[in-house]
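First comes the structure, then the notes that go with it.
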Amino acid sequence: MSQPLFSGDLSSTDSSPCLQGERVTFTGTLASMTHSEAAGLVEQNGGTAVEHVSRQLTMIVIGEEGWPLDDNGQPSVKLQQVDRLLEAGAEIQVINESQWLTLLGLNDYREEVHRLYTPAMLSSILGISVHVIRRWERIGMIHPVRRVHRLPYFDFREVSSARRLSELLDSGIQRQELEDGLKKLPSVQRGDERPLEQLEILAHSLGVLVRDAHGLVLPESGQRVFDFDRPAPETPDLTTFDEPESILFSDVVKDEATSSVDLTTKRDWLVEGCRLYDAGRVKDALEAFRLAAMASPSSSDVHFQIGECLYRLGSVEGALERYYTAVEHDDEFLEAWTQIGCLHRELNDLQAAKTAFLVALTILPEYPDAHYHLAETLFELDDVSSAREHWSEYLKHDQRGPWADVARQRLELFDIDSMPTT
């Protein structure tokens with residue numbers, strides 16, 4: 001953009017409505033509400049909400065869920081139109097959603113935009129697998145804002161932005177085109193955000209690729225991958241090489257004399273297991289995690305990962321036992337306790353599920369995931385009175401996702417008058 005994001009004083013200096021005389025439009029996905037709801041707030045505060053950009057426009061608000069990029073990887077049409085008007089001398093305030101909410105005095109909504117979420121909550125809200133969120137954390141594409149007893153809490157905006165970049169890459173947008181589009185965004189120009197770093201990490205985190213006559217492909221799944229960095233014809237093709245179909249213990253024993261992997265070092269096999277797991281090679285990942293467990297049998301992380309593999313392979317009871325082994329070595333492993341509760345519930349052992357969730361809440365009383373799952377378990381046990389307390393508690397942490405919708409519906413069903421509101 002030709003003009004930096006507005007950074008002046010947005011507060012009203014008189015008693016007139018804060019948007020008096022303003023013509024406002026929105027671009028990108030708002031994290032706090034729908035565009036229709038936002039337009040209603042503009043009208044309530046003295047302004048005029050408009051759908052299209054024109055010379056009469058005085059303010060554009062950029063949504064903070066994901067990046068305001070169209071499906072071609074370029075800034076939204078509205079942002080491009082505003083950029084041209086600014087170059088022609090127009091006076092248009094370009095502000096982000098948080099600044100707009102502050103202007104309206106909607107601090108509760110602003111706090112919602114910047115709220116922190118656990119991996120399971122993000123999975124529910126954004127429709128991303130928890131495994132993907134963990135993978136993004138492992139490769140450094142997203143960073144937890146804080147950890148409590150191993151449990152990571154993430155900034156919603158960072159994860160939703162990563163999801164948008166992933167969607168665009170998956171759709172076939174060339175990396176250079178996407179990078180060029182990101183560089184045109186106001187927040188990126190100012191250096192407030194790091195999408196270019198996320199893009200770099202994401203584009204190079206797909207693991208081993210094989211090139212055939214049609215381009216690059218993931219060897220295990222057969223999925224086509226867009227070739228961002230196709231080498232020049234004279235450059236040797238270093239992306240194509242033979243890789244063993246799996247890593248088996250018998251192979252390791254056979255090659256132990258010449259292997260560079262130290263079987264006494266659990267880190268090597270734990271990292272390898274995570275790589276294979278991220279690539280969708282769950283059986284091979286399980287083999288690697290078992291080798292890690294041989295080297296370090298008291299590692300709760302290793303046992304947790306074995307549990308994850310077993311569950312994805314359909315062995316619910318086997319996974320449950322491994323999660324129990326994880327908490328035997330670390331009795332404050334919150335995600336393991338949550339998995340124990342969820343698997344007991346899946347096996348219809350509701351009392352055991354209830355116990356596991358209560359243990360998790362003993363460790364961390366404000367743990368949102370445990371409150372939600374415990375409420376649902378208590379509901380199935382016909383203890384509605386206790387369930388209501390935990391649904392209400394969950395809504396203190398989340399107002400936007402499917403779990404929040406379920407909690408509100410349950411409370412409405414039982415005529416709760418004291419539901420948390422935004």
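To be explicit about the labels: the chains of the structure tokens are called A, B, and onward in the order shown, and within each one the residues are counted from 1, while ligands get numbers from 1 in the order they are shown.
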- request: Extract, using only C-alpha atoms, all DNA, RNA and protein residues at most 10 Å from Leu178 (chain A), discarding same-chain residues fewer than 2 positions from it, and format them as a list in words.
  value: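 What passes the distance filter is Leu69, Asp71, Asn72, Gly73, Gln74, Pro75, Leu165, Leu168, Leu169, Ile173, Gln174, Arg175, Gln176, Asp180, Gly181, Leu182, Lys183, Leu196 and Leu199 of chain A.
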message: Just list as a VMD selection string whatever in region 1-216 of chain A DSSP marks as helix (DSSP H, G or I).
response: chain A and resid 35 to 44 77 to 87 97 to 103 107 to 113 119 to 126 130 to 138 156 to 170 175 to 183 186 to 190 195 to 203
field: Residue nearest His329 (chain A) - candidates A:Leu343, A:Ser315, A:Arg290, A:Ser298, atoms counted: only C-alpha atoms
entry: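 Using only C-alpha atoms, the shortest distance to His329 (chain A) belongs to A:Ser298.
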message: Please return, as an MDAnalysis selection string, all residues of region 31-193 of chain A that DSSP assigns to strand (DSSP E) on the basis of the backbone.
response: chainID A and resid 48:49 59:62 93:96 116:117 146:148 151:155
- request: Would you kindly return, as a ChimeraX atom specification, each protein, DNA or RNA residue with an atom no farther than 12 Å from any atom of Thr48 (chain A), considering only C-alpha atoms and excluding same-chain residues fewer than 3 positions away?
  value: /A:17-26,38-45,51-52,56-60
- prompt: To one decimal place, how far is CA of Gly28 (chain A) from CA of Tyr394 (chain A) in Å?
  reply: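 CA of Gly28 (chain A) sits 28.1 Å away from CA of Tyr394 (chain A).
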message: Would you pick out the contacts of Ser32 (chain A) at 8 Å or less, using only C-alpha atoms, so that residues sharing its chain but fewer than 5 positions from it are not included, and give the list as a PyMOL selection string?
response: chain A and resi 109-110+112-113
- prompt: Pick from A:Glu87, A:Glu272, A:Glu346, A:Glu97: nearest to Leu30 (chain A), with only C-alpha atoms counted?
  reply: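 Answer, going by the shortest atom-to-atom distance: A:Glu97.
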- prompt: Separation of CA of Met121 (chain A) and CA of Asp398 (chain A), in Å?
  reply: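 So the answer is 8.2 Å.
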Distance of CA of Ala203 (chain A) from CA of Glu137 (chain A), expressed in Å to one decimal place: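 CA of Ala203 (chain A) lies 14.8 Å from CA of Glu137 (chain A).
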Within 10 Å of Asn348 (chain A), counting only C-alpha atoms, which residues show up once you throw out same-chain ones fewer than 5 positions away? Write them as a CSV table (one decimal) with N, CA and C atoms, in the first residue's frame, please.
```csv
chain,number,residue,atom,x,y,z
A,342,CYS,N,-11.2,-39.0,26.5
A,342,CYS,CA,-11.9,-39.1,25.3
A,342,CYS,C,-12.0,-40.5,24.8
A,343,LEU,N,-10.9,-41.3,25.0
A,343,LEU,CA,-11.0,-42.7,24.6
A,343,LEU,C,-11.9,-43.5,25.5
A,353,ALA,N,-14.0,-41.9,32.0
A,353,ALA,CA,-13.8,-40.6,31.3
A,353,ALA,C,-13.9,-39.4,32.2
A,377,THR,N,-19.6,-35.3,29.0
A,377,THR,CA,-19.6,-36.6,29.7
A,377,THR,C,-20.7,-36.6,30.8
A,380,GLU,N,-24.1,-37.0,29.4
A,380,GLU,CA,-24.4,-38.4,29.1
A,380,GLU,C,-24.7,-39.2,30.4
```
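Take the candidates A:Pro68, A:Ala120, A:Thr29, A:His131 and check each one against Ala370 (chain A) using only C-alpha atoms; the shortest distance goes to A:Ala120.
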message: Could you list, as a list of chain:residue names, every residue within 7 Å of region 276-285 of chain A, counting only C-alpha atoms and ignoring same-chain residues fewer than 2 positions away?
response: A:Arg135, A:Ser246, A:Ile247, A:Glu272, A:Gly273, A:Cys274, A:Glu287, A:Ala288, A:Phe289, A:Cys309
For C-alpha atoms, I'd like the residues from the last selection saved as an mmCIF file, in the first residue's frame.
```
data_model
loop_
_atom_site.group_PDB
_atom_site.id
_atom_site.type_symbol
_atom_site.label_atom_id
_atom_site.label_comp_id
_atom_site.auth_asym_id
_atom_site.auth_seq_id
_atom_site.Cartn_x
_atom_site.Cartn_y
_atom_site.Cartn_z
ATOM 1 C CA ARG A 135 3.281 -30.357 12.839
ATOM 2 C CA SER A 246 9.581 -48.194 5.565
ATOM 3 C CA ILE A 247 11.886 -48.181 8.542
ATOM 4 C CA GLU A 272 12.262 -39.397 12.622
ATOM 5 C CA GLY A 273 8.949 -40.713 13.921
ATOM 6 C CA CYS A 274 7.463 -37.221 13.858
ATOM 7 C CA GLU A 287 8.169 -48.344 14.219
ATOM 8 C CA ALA A 288 10.379 -45.295 14.763
ATOM 9 C CA PHE A 289 8.606 -44.346 18.002
ATOM 10 C CA CYS A 309 -0.176 -43.754 16.060
#
```
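You can rank A:Val94, A:Leu151, A:Ile142, A:Val53 by their closest distance to Ile201 (chain A) using only C-alpha atoms, and at the top of that list sits A:Ile142.
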